[in-house]
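**Q** Following this line is upload.json, made up of JSON, C-alpha atoms and all ligand atoms:
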```json
[["chain", "number", "residue", "atom", "x", "y", "z"],
["U", 69, "MET", "CA", 15.90, -11.08, 13.03],
["U", 70, "THR", "CA", 14.16, -8.05, 11.50],
["U", 71, "THR", "CA", 16.17, -5.57, 9.46],
["U", 72, "ASN", "CA", 15.61, -1.94, 8.54],
["U", 73, "THR", "CA", 17.31, -2.48, 5.20],
["U", 74, "LEU", "CA", 15.32, -3.30, 2.08],
["U", 75, "GLN", "CA", 17.35, -5.96, 0.28],
["U", 76, "GLY", "CA", 17.13, -8.97, -1.99],
["U", 77, "LYS", "CA", 14.24, -9.11, -4.44],
["U", 78, "ALA", "CA", 11.09, -6.96, -4.27],
["U", 79, "LEU", "CA", 7.76, -7.82, -5.83],
["U", 80, "VAL", "CA", 5.96, -4.54, -6.56],
["U", 81, "THR", "CA", 2.29, -4.54, -7.52],
["U", 82, "GLY", "CA", 0.98, -1.65, -9.59],
["U", 83, "ALA", "CA", 4.50, -1.08, -10.90],
["U", 84, "SER", "CA", 3.56, 0.29, -14.33],
["U", 85, "SER", "CA", 3.01, 3.88, -13.13],
["U", 86, "GLY", "CA", 3.00, 6.33, -10.26],
["U", 87, "ILE", "CA", 4.04, 5.19, -6.81],
["U", 88, "GLY", "CA", 4.73, 1.58, -7.85],
["U", 89, "ALA", "CA", 6.98, 2.55, -10.78],
["U", 90, "THR", "CA", 8.79, 4.99, -8.50],
["U", 91, "TYR", "CA", 9.31, 2.33, -5.81],
["U", 92, "ALA", "CA", 10.71, 0.09, -8.55],
["U", 93, "ARG", "CA", 13.20, 2.76, -9.64],
["U", 94, "GLN", "CA", 14.28, 3.71, -6.09],
["U", 95, "LEU", "CA", 14.62, 0.08, -4.99],
["U", 96, "ALA", "CA", 16.61, -0.76, -8.15],
["U", 97, "ALA", "CA", 18.90, 2.16, -7.30],
["U", 98, "LYS", "CA", 19.51, 0.42, -3.96],
["U", 99, "GLY", "CA", 20.44, -2.78, -5.81],
["U", 100, "LEU", "CA", 17.27, -4.81, -5.28],
["U", 101, "ASP", "CA", 16.17, -7.21, -8.01],
["U", 102, "LEU", "CA", 12.53, -6.77, -8.97],
["U", 103, "VAL", "CA", 9.33, -8.51, -10.00],
["U", 104, "LEU", "CA", 7.06, -5.88, -11.56],
["U", 105, "VAL", "CA", 3.32, -6.61, -11.59],
["U", 106, "ALA", "CA", 0.47, -4.78, -13.37],
["U", 107, "ARG", "CA", -1.86, -5.19, -16.35],
["U", 108, "ASP", "CA", 0.02, -3.05, -18.88],
["U", 109, "GLN", "CA", 2.74, -5.38, -20.15],
["U", 110, "ALA", "CA", 4.25, -2.85, -22.58],
["U", 111, "ARG", "CA", 4.82, -0.26, -19.84],
["U", 112, "LEU", "CA", 6.25, -2.90, -17.50],
["U", 113, "ASP", "CA", 8.62, -4.17, -20.22],
["U", 114, "THR", "CA", 9.88, -0.64, -20.92],
["U", 115, "LEU", "CA", 10.44, 0.04, -17.21],
["U", 116, "ALA", "CA", 12.14, -3.34, -16.73],
["U", 117, "GLN", "CA", 14.58, -2.67, -19.59],
["U", 118, "THR", "CA", 15.36, 0.82, -18.29],
["U", 119, "LEU", "CA", 15.97, -0.31, -14.70],
["U", 120, "ALA", "CA", 18.10, -3.28, -15.77],
["U", 121, "ALA", "CA", 20.21, -1.00, -17.97],
["U", 122, "ASP", "CA", 20.48, 1.84, -15.43],
["U", 123, "PHE", "CA", 21.18, -0.21, -12.31],
["U", 124, "GLY", "CA", 22.31, -3.67, -13.46],
["U", 125, "VAL", "CA", 19.58, -5.44, -11.48],
["U", 126, "ALA", "CA", 17.49, -8.41, -12.60],
["U", 127, "VAL", "CA", 13.93, -7.37, -13.44],
["U", 128, "GLU", "CA", 11.07, -9.73, -14.23],
["U", 129, "VAL", "CA", 7.66, -8.68, -15.51],
["U", 130, "VAL", "CA", 4.41, -10.40, -14.50],
["U", 131, "LYS", "CA", 1.26, -9.28, -16.30],
["U", 132, "ALA", "CA", -1.68, -9.70, -13.94],
["U", 133, "ASP", "CA", -5.09, -8.19, -13.33],
["U", 134, "LEU", "CA", -5.43, -8.45, -9.56],
["U", 135, "THR", "CA", -9.23, -8.14, -9.73],
["U", 136, "GLN", "CA", -9.29, -11.53, -11.48],
["U", 137, "ALA", "CA", -9.37, -14.45, -9.03],
["U", 138, "ALA", "CA", -7.14, -16.78, -11.05],
["U", 139, "GLU", "CA", -4.49, -14.13, -11.66],
["U", 140, "LEU", "CA", -4.46, -13.09, -8.00],
["U", 141, "GLN", "CA", -4.19, -16.74, -6.99],
["U", 142, "ALA", "CA", -1.21, -17.27, -9.33],
["U", 143, "LEU", "CA", 0.64, -14.35, -7.73],
["U", 144, "GLU", "CA", -0.26, -15.61, -4.28],
["U", 145, "GLN", "CA", 1.25, -19.00, -5.19],
["U", 146, "ARG", "CA", 4.39, -17.26, -6.42],
["U", 147, "LEU", "CA", 4.78, -15.53, -3.05],
["U", 148, "LEU", "CA", 4.21, -18.78, -1.20],
["U", 149, "THR", "CA", 6.74, -20.75, -3.20],
["U", 150, "ASP", "CA", 9.46, -18.35, -4.40],
["U", 151, "SER", "CA", 11.88, -18.01, -1.51],
["U", 152, "SER", "CA", 13.92, -15.40, -3.40],
["U", 153, "ILE", "CA", 11.21, -12.74, -2.85],
["U", 154, "SER", "CA", 12.22, -10.89, 0.30],
["U", 155, "VAL", "CA", 10.10, -7.73, -0.06],
["U", 156, "LEU", "CA", 6.44, -7.27, -1.04],
["U", 157, "ILE", "CA", 5.28, -3.78, -1.98],
["U", 158, "ASN", "CA", 1.47, -4.06, -1.93],
["U", 159, "ASN", "CA", 0.77, -0.95, -3.96],
["U", 160, "ALA", "CA", -1.74, -1.52, -6.78],
["U", 161, "GLY", "CA", -4.87, 0.48, -6.13],
["U", 162, "MET", "CA", -7.58, 2.59, -7.70],
["U", 163, "THR", "CA", -10.26, 5.13, -6.94],
["U", 164, "VAL", "CA", -13.65, 5.43, -8.62],
["U", 165, "GLU", "CA", -15.77, 8.23, -9.95],
["U", 166, "GLY", "CA", -18.45, 9.48, -7.55],
["U", 167, "GLY", "CA", -19.52, 8.80, -3.98],
["U", 168, "TYR", "CA", -21.76, 6.18, -2.38],
["U", 169, "VAL", "CA", -24.90, 7.57, -4.00],
["U", 170, "ASP", "CA", -23.79, 7.86, -7.59],
["U", 171, "ALA", "CA", -20.81, 5.56, -8.14],
["U", 172, "ASP", "CA", -21.10, 2.54, -10.44],
["U", 173, "PRO", "CA", -21.47, -0.46, -8.08],
["U", 174, "ALA", "CA", -19.43, -2.67, -10.44],
["U", 175, "ARG", "CA", -16.51, -0.20, -10.29],
["U", 176, "VAL", "CA", -16.77, -0.07, -6.49],
["U", 177, "GLU", "CA", -16.67, -3.87, -6.40],
["U", 178, "ALA", "CA", -13.54, -3.86, -8.60],
["U", 179, "MET", "CA", -11.98, -1.27, -6.27],
["U", 180, "ILE", "CA", -12.68, -3.46, -3.25],
["U", 181, "GLN", "CA", -11.14, -6.45, -5.04],
["U", 182, "LEU", "CA", -8.03, -4.45, -5.93],
["U", 183, "ASN", "CA", -7.61, -2.31, -2.80],
["U", 184, "VAL", "CA", -8.81, -4.79, -0.17],
["U", 185, "LEU", "CA", -8.86, -8.40, -1.37],
["U", 186, "ALA", "CA", -5.60, -8.34, -3.35],
["U", 187, "PRO", "CA", -3.40, -6.84, -0.58],
["U", 188, "THR", "CA", -5.05, -9.15, 1.96],
["U", 189, "ARG", "CA", -4.36, -12.32, -0.03],
["U", 190, "LEU", "CA", -0.87, -11.21, -1.08],
["U", 191, "SER", "CA", 0.20, -10.09, 2.38],
["U", 192, "MET", "CA", -1.14, -13.32, 3.89],
["U", 193, "ALA", "CA", 0.88, -15.37, 1.39],
["U", 194, "ALA", "CA", 4.00, -13.27, 1.92],
["U", 195, "ALA", "CA", 3.55, -13.39, 5.70],
["U", 196, "LYS", "CA", 3.33, -17.17, 5.69],
["U", 197, "ALA", "CA", 6.38, -17.66, 3.46],
["U", 198, "MET", "CA", 8.49, -14.97, 5.13],
["U", 199, "ALA", "CA", 7.62, -16.03, 8.67],
["U", 200, "ALA", "CA", 8.70, -19.58, 7.81],
["U", 201, "ARG", "CA", 12.06, -18.18, 6.65],
["U", 202, "GLY", "CA", 12.28, -15.78, 9.60],
["U", 203, "GLN", "CA", 12.89, -12.73, 7.41],
["U", 204, "GLY", "CA", 11.28, -10.39, 4.92],
["U", 205, "ALA", "CA", 9.37, -7.16, 4.57],
["U", 206, "ILE", "CA", 5.79, -6.28, 3.64],
["U", 207, "VAL", "CA", 4.92, -2.70, 2.70],
["U", 208, "ASN", "CA", 1.24, -1.80, 2.31],
["U", 209, "LEU", "CA", 0.08, 1.40, 0.61],
["U", 210, "ALA", "CA", -2.79, 2.83, 2.62],
["U", 211, "SER", "CA", -3.54, 6.58, 2.53],
["U", 212, "VAL", "CA", -4.14, 9.47, 4.88],
["U", 213, "VAL", "CA", -7.82, 9.14, 3.95],
["U", 214, "ALA", "CA", -7.77, 6.01, 6.14],
["U", 215, "LEU", "CA", -7.63, 8.55, 8.99],
["U", 216, "ILE", "CA", -9.97, 11.12, 7.42],
["U", 217, "PRO", "CA", -12.43, 9.25, 5.15],
["U", 218, "GLU", "CA", -14.71, 12.28, 5.28],
["U", 219, "GLN", "CA", -12.32, 14.03, 2.90],
["U", 220, "PHE", "CA", -12.62, 11.62, -0.06],
["U", 221, "ALA", "CA", -16.01, 10.71, -1.49],
["U", 222, "GLY", "CA", -17.25, 7.14, -1.49],
["U", 223, "ALA", "CA", -15.81, 3.81, -0.45],
["U", 224, "TYR", "CA", -12.15, 4.53, -1.32],
["U", 225, "GLY", "CA", -11.39, 5.82, 2.19],
["U", 226, "ALA", "CA", -12.95, 2.70, 3.69],
["U", 227, "THR", "CA", -10.71, 0.48, 1.55],
["U", 228, "LYS", "CA", -7.68, 2.36, 2.84],
["U", 229, "ALA", "CA", -8.89, 2.12, 6.46],
["U", 230, "PHE", "CA", -8.99, -1.64, 5.84],
["U", 231, "VAL", "CA", -5.39, -1.59, 4.61],
["U", 232, "LEU", "CA", -4.37, 0.36, 7.72],
["U", 233, "GLY", "CA", -6.12, -2.14, 10.01],
["U", 234, "LEU", "CA", -4.66, -5.07, 8.08],
["U", 235, "THR", "CA", -1.19, -3.59, 8.44],
["U", 236, "GLN", "CA", -1.51, -2.94, 12.17],
["U", 237, "SER", "CA", -2.80, -6.40, 13.02],
["U", 238, "LEU", "CA", -0.34, -8.12, 10.65],
["U", 239, "ALA", "CA", 2.55, -6.21, 12.23],
["U", 240, "THR", "CA", 1.45, -7.41, 15.66],
["U", 241, "GLU", "CA", 1.22, -11.02, 14.48],
["U", 242, "LEU", "CA", 4.64, -10.94, 12.79],
["U", 243, "ALA", "CA", 6.41, -8.88, 15.47],
["U", 244, "ASP", "CA", 8.55, -11.77, 16.70],
["U", 245, "LYS", "CA", 8.88, -13.64, 13.40],
["U", 246, "GLY", "CA", 11.61, -11.60, 11.75],
["U", 247, "VAL", "CA", 9.27, -9.94, 9.23],
["U", 248, "ARG", "CA", 8.99, -6.14, 9.00],
["U", 249, "VAL", "CA", 5.55, -4.72, 8.20],
["U", 250, "GLN", "CA", 5.17, -1.08, 7.19],
["U", 251, "GLY", "CA", 2.04, 0.85, 6.31],
["U", 252, "VAL", "CA", 2.51, 3.96, 4.17],
["U", 253, "LEU", "CA", -0.11, 6.71, 4.40],
["U", 254, "PRO", "CA", 0.55, 9.20, 1.60],
["U", 255, "GLY", "CA", -1.40, 12.40, 1.18],
["U", 256, "LEU", "CA", -2.20, 13.67, -2.30],
["U", 257, "THR", "CA", 0.61, 12.49, -4.58],
["U", 258, "ARG", "CA", 1.00, 13.48, -8.22],
["U", 259, "THR", "CA", 0.22, 10.28, -10.19],
["U", 260, "GLU", "CA", -2.21, 9.02, -12.80],
["U", 261, "ILE", "CA", -4.68, 7.80, -10.18],
["U", 262, "PHE", "CA", -6.63, 11.05, -10.44],
["U", 263, "GLU", "CA", -7.11, 11.13, -14.21],
["U", 264, "ARG", "CA", -7.88, 7.39, -14.23],
["U", 265, "SER", "CA", -11.04, 8.14, -12.22],
["U", 266, "GLY", "CA", -12.00, 11.56, -13.51],
["U", 267, "HIS", "CA", -10.59, 13.56, -10.59],
["U", 268, "ASP", "CA", -8.81, 16.83, -11.37],
["U", 269, "LEU", "CA", -5.59, 17.18, -9.37],
["U", 270, "ALA", "CA", -4.96, 20.60, -10.90],
["U", 271, "ALA", "CA", -8.10, 21.90, -9.17],
["U", 272, "LEU", "CA", -6.53, 21.28, -5.74],
["U", 273, "PRO", "CA", -4.14, 23.67, -4.00],
["U", 274, "PRO", "CA", -0.60, 22.78, -5.15],
["U", 275, "GLU", "CA", 0.68, 22.99, -1.56],
["U", 276, "TRP", "CA", -1.39, 19.87, -0.80],
["U", 277, "VAL", "CA", 0.26, 17.77, -3.50],
["U", 278, "MET", "CA", 3.57, 15.92, -3.11],
["U", 279, "GLU", "CA", 5.76, 14.83, -6.03],
["U", 280, "VAL", "CA", 5.84, 11.06, -6.30],
["U", 281, "GLU", "CA", 9.65, 10.77, -6.08],
["U", 282, "ASP", "CA", 9.60, 12.70, -2.77],
["U", 283, "MET", "CA", 6.76, 10.59, -1.39],
["U", 284, "VAL", "CA", 8.45, 7.27, -2.16],
["U", 285, "ALA", "CA", 11.84, 8.47, -0.90],
["U", 286, "ALA", "CA", 10.18, 9.47, 2.39],
["U", 287, "ALA", "CA", 8.39, 6.11, 2.62],
["U", 288, "ILE", "CA", 11.65, 4.22, 2.12],
["U", 289, "LYS", "CA", 13.39, 6.46, 4.67],
["U", 290, "GLY", "CA", 10.54, 5.71, 7.11],
["U", 291, "PHE", "CA", 11.14, 1.98, 6.58],
["U", 292, "GLU", "CA", 14.85, 2.42, 7.20],
["U", 293, "MET", "CA", 14.06, 4.38, 10.38],
["U", 294, "GLY", "CA", 12.10, 1.37, 11.64],
["U", 295, "GLU", "CA", 8.65, 2.96, 11.40],
["U", 296, "GLY", "CA", 5.61, 0.68, 11.42],
["U", 297, "LEU", "CA", 3.49, 3.44, 9.91],
["U", 298, "THR", "CA", 4.88, 6.22, 7.75],
["U", 299, "LEU", "CA", 3.01, 9.45, 7.04],
["U", 300, "PRO", "CA", 5.21, 11.24, 4.51],
["U", 301, "SER", "CA", 3.43, 14.60, 4.81],
["U", 302, "LEU", "CA", 2.84, 14.85, 8.55],
["U", 303, "PRO", "CA", 5.38, 17.37, 9.90],
["U", 304, "ASP", "CA", 5.41, 16.04, 13.47],
["U", 305, "MET", "CA", 4.91, 12.31, 14.16],
["U", 306, "ALA", "CA", 4.10, 13.27, 17.76],
["U", 307, "ASP", "CA", 0.63, 14.25, 16.45],
["U", 308, "PHE", "CA", 0.04, 10.72, 15.17],
["U", 309, "ALA", "CA", 1.58, 9.20, 18.30],
["U", 310, "ALA", "CA", -0.89, 11.15, 20.47],
["U", 311, "TYR", "CA", -3.81, 9.98, 18.31],
["U", 312, "ASP", "CA", -2.60, 6.38, 18.48],
["U", 313, "LYS", "CA", -2.02, 6.55, 22.22],
["U", 314, "ALA", "CA", -5.59, 7.81, 22.78],
["U", 315, "ARG", "CA", -6.93, 5.02, 20.56],
["U", 316, "LEU", "CA", -5.00, 2.30, 22.37],
["U", 317, "ALA", "CA", -5.83, 3.76, 25.79],
["U", 318, "MET", "CA", -9.51, 3.00, 25.13],
["U", 319, "GLY", "CA", -8.61, -0.68, 24.59],
["U", 320, "PRO", "CA", -9.32, -2.02, 28.10],
["U", 321, "ARG", "CA", -12.74, -0.34, 28.15],
["U", 322, "LEU", "CA", -14.02, -1.26, 24.67],
["U", 323, "SER", "CA", -15.40, -4.69, 25.54],
["U", 324, "LEU", "CA", -17.17, -4.99, 28.90],
["U", 325, "SER", "CA", -19.96, -7.18, 30.25],
["U", 326, "ASN", "CA", -22.36, -4.31, 30.91],
["U", 327, "PRO", "CA", -23.73, -1.62, 28.60],
["U", 328, "ALA", "CA", -22.35, 1.82, 29.41],
["U", 329, "PRO", "CA", -24.46, 3.77, 31.91],
["U", 330, "ARG", "CA", -25.67, 6.18, 29.18],
["U", 331, "TYR", "CA", -27.50, 3.26, 27.49],
["U", 332, "ARG", "CA", -29.32, 2.08, 30.60],
["U", 401, "LIG", "N1", -1.68, 9.25, -5.68],
["U", 401, "LIG", "C1", -2.20, 9.52, -4.47],
["U", 401, "LIG", "O1", -2.57, 10.67, -4.16],
["U", 401, "LIG", "C2", -2.29, 8.44, -3.46],
["U", 401, "LIG", "C3", -2.21, 7.10, -3.78],
["U", 401, "LIG", "N2", -2.32, 6.16, -2.81],
["U", 401, "LIG", "C4", -2.27, 4.73, -3.11],
["U", 401, "LIG", "O2", -1.05, 4.42, -3.77],
["U", 401, "LIG", "C5", -1.21, 3.28, -4.60],
["U", 401, "LIG", "C6", -0.64, 3.56, -5.97],
["U", 401, "LIG", "O3", -1.42, 4.56, -6.60],
["U", 401, "LIG", "P1", -0.84, 5.61, -7.63],
["U", 401, "LIG", "O4", 0.55, 5.31, -7.97],
["U", 401, "LIG", "O5", -1.18, 6.94, -7.12],
["U", 401, "LIG", "O6", -1.80, 5.35, -8.87],
["U", 401, "LIG", "P2", -1.54, 4.97, -10.39],
["U", 401, "LIG", "O7", -2.87, 4.99, -11.04],
["U", 401, "LIG", "O8", -0.45, 5.78, -10.98],
["U", 401, "LIG", "O9", -1.01, 3.48, -10.30],
["U", 401, "LIG", "C7", -1.85, 2.40, -10.02],
["U", 401, "LIG", "C8", -1.12, 1.13, -10.38],
["U", 401, "LIG", "O10", -1.99, 0.02, -10.11],
["U", 401, "LIG", "C9", -2.09, -0.77, -11.27],
["U", 401, "LIG", "N3", -3.40, -1.38, -11.37],
["U", 401, "LIG", "C10", -4.59, -0.75, -11.51],
["U", 401, "LIG", "N4", -5.58, -1.63, -11.62],
["U", 401, "LIG", "C11", -4.99, -2.87, -11.54],
["U", 401, "LIG", "C12", -5.48, -4.19, -11.60],
["U", 401, "LIG", "N5", -6.79, -4.45, -11.78],
["U", 401, "LIG", "N6", -4.61, -5.22, -11.48],
["U", 401, "LIG", "C13", -3.28, -4.97, -11.31],
["U", 401, "LIG", "N7", -2.76, -3.74, -11.25],
["U", 401, "LIG", "C14", -3.61, -2.70, -11.37],
["U", 401, "LIG", "C15", -1.83, 0.17, -12.42],
["U", 401, "LIG", "O11", -1.29, -0.49, -13.56],
["U", 401, "LIG", "P3", -2.09, -1.09, -14.83],
["U", 401, "LIG", "O12", -3.08, -0.07, -15.26],
["U", 401, "LIG", "O13", -0.97, -1.33, -15.80],
["U", 401, "LIG", "O14", -2.68, -2.36, -14.34],
["U", 401, "LIG", "C16", -0.75, 1.07, -11.84],
["U", 401, "LIG", "O15", 0.50, 0.46, -11.98],
["U", 401, "LIG", "C17", -2.70, 2.97, -4.58],
["U", 401, "LIG", "O16", -2.94, 1.90, -3.68],
["U", 401, "LIG", "C18", -3.33, 4.26, -4.08],
["U", 401, "LIG", "O17", -4.56, 4.02, -3.44],
["U", 401, "LIG", "C19", -2.47, 6.49, -1.50],
["U", 401, "LIG", "C20", -2.56, 7.80, -1.14],
["U", 401, "LIG", "C21", -2.46, 8.87, -2.08],
["U", 402, "LIG", "N1", -5.61, 10.98, -3.35],
["U", 402, "LIG", "C1", -6.18, 9.79, -2.90],
["U", 402, "LIG", "C2", -6.00, 8.83, -3.92],
["U", 402, "LIG", "O1", -6.26, 9.09, -5.04],
["U", 402, "LIG", "C3", -5.61, 9.45, -1.58],
["U", 402, "LIG", "O2", -5.28, 10.43, -0.88],
["U", 402, "LIG", "O3", -5.50, 8.30, -1.20]]
```
Kindly present the structure from the file in structure tokens form.
Ligand SMILES: NC(=O)C1=CN([C@@H]2O[C@H](COP(=O)(O)OP(=O)(O)OC[C@H]3O[C@@H](n4cnc5c(N)ncnc54)[C@H](OP(=O)(O)O)[C@@H]3O)[C@@H](O)[C@H]2O)C=CC1
Ligand SMILES: N[C@@H](C=O)C(=O)O
**A**
Amino acid sequence: MTTNTLQGKALVTGASSGIGATYARQLAAKGLDLVLVARDQARLDTLAQTLAADFGVAVEVVKADLTQAAELQALEQRLLTDSSISVLINNAGMTVEGGYVDADPARVEAMIQLNVLAPTRLSMAAAKAMAARGQGAIVNLASVVALIPEQFAGAYGATKAFVLGLTQSLATELADKGVRVQGVLPGLTRTEIFERSGHDLAALPPEWVMEVEDMVAAAIKGFEMGEGLTLPSLPDMADFAAYDKARLAMGPRLSLSNPAPRYR
């Protein structure tokens, strides 16, 4: 049976800073044990010690570069075989400098490995293991740019549209298997992601930027409210519901045997 309570042990990717580190702190405050994953072992160790001391939870650190096939595979195996992991927070992600015309193709490839391939492989592994146990939760960090890719240069928005699609189809597949799936679509959130890729958050209007603690608290509240998709900034979810209803209403007419009259 699905539950709206996050409990047990959470594996958080990208836990060394920003949204991932904040999830780790807020989940520890709720009593969840943690597996913290990122590349920066020193930062993870410091966070692990702090959370264990502050909240009395068990915290393990796993150093992994999720753009590296072997390291991603090891984490995938962990999710498949460790029945104590009841929550996956698929959060690690990056942006790159520039748009389609001027970005470094190697950086874009790394972004696709981190933002697309890693959450796909990890959510598939978690889905398989959790569905077999009939319980668990998978939280995927997408972005509002999944809905408005025109507002963020380059392929980043497309990676987040993938995460949104992955989340929606995974939720459908797991609906009757006891596993909760939530997609989180933050707007601009104050973290290191901007400076890591040469973007200047300070140049944007402050009223567009949410503090990371507020964003994660809203995302967790959305999970507890039973939301499949959570948009922390959107004042009225009826706006998204109307958009989604219009999208789904097209469904029966999107695949037909004849071309539409305008193409004849
Ligand atoms: N901040 C924002 O405005 C928004 C962010 N998001 C999404 O939220 C998620 C978290 O981003 P945010 O907290 O802002 O960014 P941060 O840059 O603060 O955090 C990114 C995390 O991912 C980890 N990471 C980066 N590269 C790798 C890698 N190759 N392998 C493993 N871990 C890696 C980093 O740790 P380390 O360097 O130690 O590996 C870090 O812990 C991302 O998916 C992002 O797209 C969505 C919407 C808005
Ligand atoms: N700000 C973007 C990430 O850096 C986003 O909105 O996803």
**Q** Counting all atoms listed in the file, what is within 7 Å of range 206-222 of chain U, bar same-chain residues fewer than 4 positions away, as a VMD selection string?
**A** chain U and resid 155 to 159 166 to 168 191 226 228 to 229 231 to 232 235 248 to 255
**Q** If I take CA of Gln181 in chain U and CA of Leu238 in chain U, how far is one from the other in Å, to one decimal?
**A**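 CA of Leu238 in chain U lies 19.1 Å from CA of Gln181 in chain U.
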**Q** So how far away is atom C4 of ligand LIG 401 (chain U) from CA of Val130 in chain U, in Å?
**A**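 Distance reported for this atom pair: 20.1 Å.
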**Q** Could you tell me how far CA of Thr118 in chain U lies from atom C18 of ligand LIG 401 (chain U), in Å and to one decimal?
**A**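 So the two atoms, CA of Thr118 in chain U and atom C18 of ligand LIG 401 (chain U), lie 23.7 Å apart.
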**Q** Fewer than 4 positions away in the same chain doesn't count, so skip those; otherwise give me all residues within 12 Å of Leu95 in chain U, counting only C-alpha atoms, as an NGL selection string.
**A** :U and (73-80 or 83 or 87-91 or 99-104 or 119-120 or 123 or 125-127 or 155-157 or 281 or 284-285 or 287-289)
**Q** Could you list the protein, DNA and RNA residues that have any atom within 6 Å of ligand LIG 401 (chain U), counting all atoms listed in the file, and write them as a short mmCIF file (atom, residue, chain, number, x, y, z; two decimals) with C-alpha atoms, in the coordinates of the input?
**A**
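Generated output (part.cif):
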```
data_model
loop_
_atom_site.label_atom_id
_atom_site.label_comp_id
_atom_site.auth_asym_id
_atom_site.auth_seq_id
_atom_site.Cartn_x
_atom_site.Cartn_y
_atom_site.Cartn_z
CA GLY U 82 0.98 -1.65 -9.59
CA ALA U 83 4.50 -1.08 -10.90
CA SER U 84 3.56 0.29 -14.33
CA SER U 85 3.01 3.88 -13.13
CA GLY U 86 3.00 6.33 -10.26
CA ILE U 87 4.04 5.19 -6.81
CA GLY U 88 4.73 1.58 -7.85
CA ALA U 106 0.47 -4.78 -13.37
CA ARG U 107 -1.86 -5.19 -16.35
CA ASP U 108 0.02 -3.05 -18.88
CA ALA U 132 -1.68 -9.70 -13.94
CA ASP U 133 -5.09 -8.19 -13.33
CA LEU U 134 -5.43 -8.45 -9.56
CA THR U 135 -9.23 -8.14 -9.73
CA ASN U 159 0.77 -0.95 -3.96
CA ALA U 160 -1.74 -1.52 -6.78
CA GLY U 161 -4.87 0.48 -6.13
CA MET U 162 -7.58 2.59 -7.70
CA LEU U 182 -8.03 -4.45 -5.93
CA LEU U 209 0.08 1.40 0.61
CA ALA U 210 -2.79 2.83 2.62
CA SER U 211 -3.54 6.58 2.53
CA PRO U 254 0.55 9.20 1.60
CA GLY U 255 -1.40 12.40 1.18
CA LEU U 256 -2.20 13.67 -2.30
CA THR U 257 0.61 12.49 -4.58
CA ARG U 258 1.00 13.48 -8.22
CA THR U 259 0.22 10.28 -10.19
CA GLU U 260 -2.21 9.02 -12.80
CA ILE U 261 -4.68 7.80 -10.18
#
```
**Q** Write out as JSON, numbers by chain which residues come within 7 Å of range 142-146 of chain U when counting all atoms listed in the file, dropping same-chain ones fewer than 6 positions away.
**A** {"U": [189, 190, 193]}
**Q** When distances are computed from all atoms listed in the file, which of U:Leu242, U:Met293, U:Ala310, U:Ala186 shows the smallest separation from Met198 in chain U?
**A**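 Selected residue with least distance to Met198 in chain U: U:Leu242.
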**Q** Around range 128-133 of chain U, with edges along x, y and z and 3 Å added on all six sides, what centre and edge lengths do you get, in Å to one decimal, as lines of an AutoDock Vina configuration file?
**A**
```
center_x = 3.0
center_y = -9.3
center_z = -14.8
size_x = 22.2
size_y = 8.2
size_z = 9.0
```
**Q** Which one of U:Asp172, U:Asn183, U:Gln141, U:Thr188 sits closest to Ser237 in chain U if you count all atoms listed in the file?
**A** U:Thr188
